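Q: I am attaching a structure below and will ask some questions about it afterwards.
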Amino acid sequence: MLKQISYQTNRQALQRLVLVASLLGTASIVVAEEAAPPASTSVTSAPVVTVTNPPSTNGVHIGDVLSRTVVVDAPTAYTLADNALPKKGSKHDGIELVDVALQTKPQSDHTQYTLQLSYQVFAVSTYPSVMHLPAEKLAFTGATATTVEVPAWGFWFSPLVTGGTATAKKNLLPEFKTPLIVSRADEQRLGLFVTLLVASLAGLLYINADGQWLPFMGGAFARAHRQLKRLAKSSKPKTAVEEKKALVYLHQAFNQHYGANIFARDIEEFMRLRPGFKGMQSEITQFFEASNQSLYDVKTRDSQQVIAQLVQLSKQLRDCERGVA
């Protein structure tokens with residue numbers, strides 16, 4: 001009986017000892033964990049890429065330009081390598097990279113890279129086919145090098161003409177004859193304009209020309225005007241002899257129009273026979289008075305000035321003769 005009680009007592013003591021040891025071990029582990037420094041949580045995140053492809057995956061023809069936008073948000077620890085961009089002019093299965101544009105926008109905790117890629121389709125196919133914008137890789141350098149992949153993008157290529165040359169010839173349409181523009185009204189207006197232009201030039205020529213090779217231009221006063229102009233332009237000194245010669249030129253023209261020798265007393269009769277000169281009656285009267293003074297007056301006058309005045313008078317009489325005064 002005593003042995004049984006002693007055995008149970010020893011067993012209970014052993015159990016208590018094991019329990020205390022277990023509690024002490026657990027407490028030491030907890031204390032160790034609390035005393036240990038916290039693990040580092042500063043893990044550098046990877047760049048995040050966003051790709052925007054063309055809106056339509058069909059209806060692409062030869063020569064079309066397809067644009068895709070790649071936006072990469074990279075932590076400041078990463079830098080896009082200078083030689084990591086796709087090469088402009090590179091070709092892949094009938095698709096050429098024709099333009100590469102990069103924009104960099106630094107932020108507080110990261111850098112945003114915006115890459116514009118433009119591809120032009122140069123493929124030749126007589127039937128619709130699936131083509132792809134090529135996959136691209138962007139290499140970043142930093143504490144640890146990493147690569148961002150831009151996946152390929154598929155689309156349907158549509159040929160302009162299905163089939164070969166024979167099919168194209170069958171689809172050709174006959175050339176449509178362009179209708180002629182009715183230009184009759186324009187031709188009439190042009191003809192009228194040309195007629196008016198020729199008539200105007202002929203009128204100016206008739207008014208201002210001194211020659212006698214046109215009809216109605218060889219009148220007596222036109223001839224006297226030419227003679228007076230030559231006399232005024234001559235290099236000879238202008239004396240009373242040249243002055244009398246100039247007066248004679250005009251007197252001959254008056255006589256030819258009057259049909260006889262005309263004097264100052266005949267001016268009224270001359271106006272009745274030649275009403276076209278009525279507007280010049282006062283100038284004609286002054287001419288005859290000056291002519292009488294030059295022929296019969298002994299006083300000397302400025303012959304050069306007299307000849308210049310006779311040139312102007314002869315021009316006015318010529319215009320009356322031609323009916324344009």
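FYI, nothing fancy with the structure tokens labels: chains A, B, ... in order, residues from 1 per chain, ligands from 1 as they appear.
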Just the residues within 8 Å of stretch 60-74 of chain A, please, counting only C-alpha atoms, with nothing from its chain fewer than 2 positions along; format it as an NGL selection string.
A: :A and (46-54 or 57-58 or 76-79 or 110-124 or 150 or 155-160)
Q: Set out as a tab-separated table a contact list for stretch 111-166 of chain A and stretch 82-90 of chain A with a cut-off of 9 Å, giving each residue of stretch 111-166 of chain A that qualifies its closest atom pair and distance in Å to one decimal, counting only C-alpha atoms, ordered by chain and rising residue number.
A:
```
residue	atom	partner	partner_atom	distance
A:Leu115	CA	A:Leu85	CA	8.8
A:Leu117	CA	A:Pro86	CA	8.6
A:Glu136	CA	A:Pro86	CA	7.0
A:Lys137	CA	A:Ala84	CA	7.6
A:Leu138	CA	A:Ala84	CA	5.4
A:Ala139	CA	A:Ala84	CA	5.3
A:Phe140	CA	A:Ala84	CA	7.7
```
Q: As a ChimeraX atom specification, please: the residues near A:Phe263 (cut-off 10 Å, only C-alpha atoms, same-chain neighbours under 6 positions excluded).
A: /A:251,254-255,270,285,288-289,292
Q: Using N, CA and C atoms, can you export the residues from the last selection as a PDB file, in the first residue's frame?
A:
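Result file is again03.pdb:
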```pdb
ATOM      1  N   HIS A 251      -1.480 127.735-142.300  1.00  0.00           N
ATOM      2  CA  HIS A 251      -2.286 128.426-143.304  1.00  0.00           C
ATOM      3  C   HIS A 251      -2.630 127.472-144.462  1.00  0.00           C
ATOM      4  N   PHE A 254      -5.499 125.279-143.300  1.00  0.00           N
ATOM      5  CA  PHE A 254      -6.775 126.013-143.338  1.00  0.00           C
ATOM      6  C   PHE A 254      -7.265 126.172-144.774  1.00  0.00           C
ATOM      7  N   ASN A 255      -6.346 126.504-145.689  1.00  0.00           N
ATOM      8  CA  ASN A 255      -6.740 126.698-147.086  1.00  0.00           C
ATOM      9  C   ASN A 255      -7.296 125.403-147.688  1.00  0.00           C
ATOM     10  N   PHE A 270     -15.915 129.793-142.579  1.00  0.00           N
ATOM     11  CA  PHE A 270     -15.203 128.521-142.343  1.00  0.00           C
ATOM     12  C   PHE A 270     -15.937 127.688-141.280  1.00  0.00           C
ATOM     13  N   THR A 285      -9.249 132.487-134.307  1.00  0.00           N
ATOM     14  CA  THR A 285      -9.214 133.955-134.463  1.00  0.00           C
ATOM     15  C   THR A 285      -7.896 134.522-133.936  1.00  0.00           C
ATOM     16  N   PHE A 288      -5.020 133.870-136.443  1.00  0.00           N
ATOM     17  CA  PHE A 288      -4.940 134.770-137.594  1.00  0.00           C
ATOM     18  C   PHE A 288      -4.425 136.156-137.161  1.00  0.00           C
ATOM     19  N   GLU A 289      -4.805 136.595-136.003  1.00  0.00           N
ATOM     20  CA  GLU A 289      -4.293 137.879-135.521  1.00  0.00           C
ATOM     21  C   GLU A 289      -2.790 137.816-135.282  1.00  0.00           C
ATOM     22  N   ASN A 292      -0.951 137.781-138.620  1.00  0.00           N
ATOM     23  CA  ASN A 292      -0.823 139.111-139.239  1.00  0.00           C
ATOM     24  C   ASN A 292       0.278 139.918-138.553  1.00  0.00           C
TER      25      ASN A 292
END
```
Q: Residues near stretch 232-238 of chain A, anyone? I mean within 7 Å using only C-alpha atoms, not counting same-chain ones fewer than 6 positions away, as a PyMOL selection string.
A: chain A and resi 303-304+307-308
Q: Would you compute the distance between atom CA of A:Trp153 and atom CA of A:Tyr127? Give it in Å to one decimal.
A: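 Atom CA of A:Tyr127 lies at a distance of 19.8 Å from atom CA of A:Trp153.
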Q: Give me every alpha helix (DSSP H) residue in stretch 154-297 of chain A, going by DSSP on the backbone, as a PyMOL selection string.
A: chain A and resi 165-171+184-208+220-233+240-258+267-273+281-296
Q: Rank nothing, just name the residue among A:Lys244, A:Gln188, A:Ile284, A:Thr104 nearest to A:Leu231, using only C-alpha atoms.
A: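 Closest to A:Leu231 of all the choices is A:Lys244.
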Q: Run DSSP on the backbone and tell me which residues of stretch 119-177 of chain A come out as strand (DSSP E); list them as a PyMOL selection string.
A: chain A and resi 119-121+129-133+136-142+146-150+153-157
Q: As a PyMOL selection string, please: the residues near stretch 161-176 of chain A (cut-off 10 Å, only C-alpha atoms, same-chain neighbours under 6 positions excluded).
A: chain A and resi 125-128
Q: For A:Ser45, which residue out of A:Thr144, A:Thr178, A:Gln107, A:Gln256 is the nearest one, using only C-alpha atoms?
A: A:Thr144
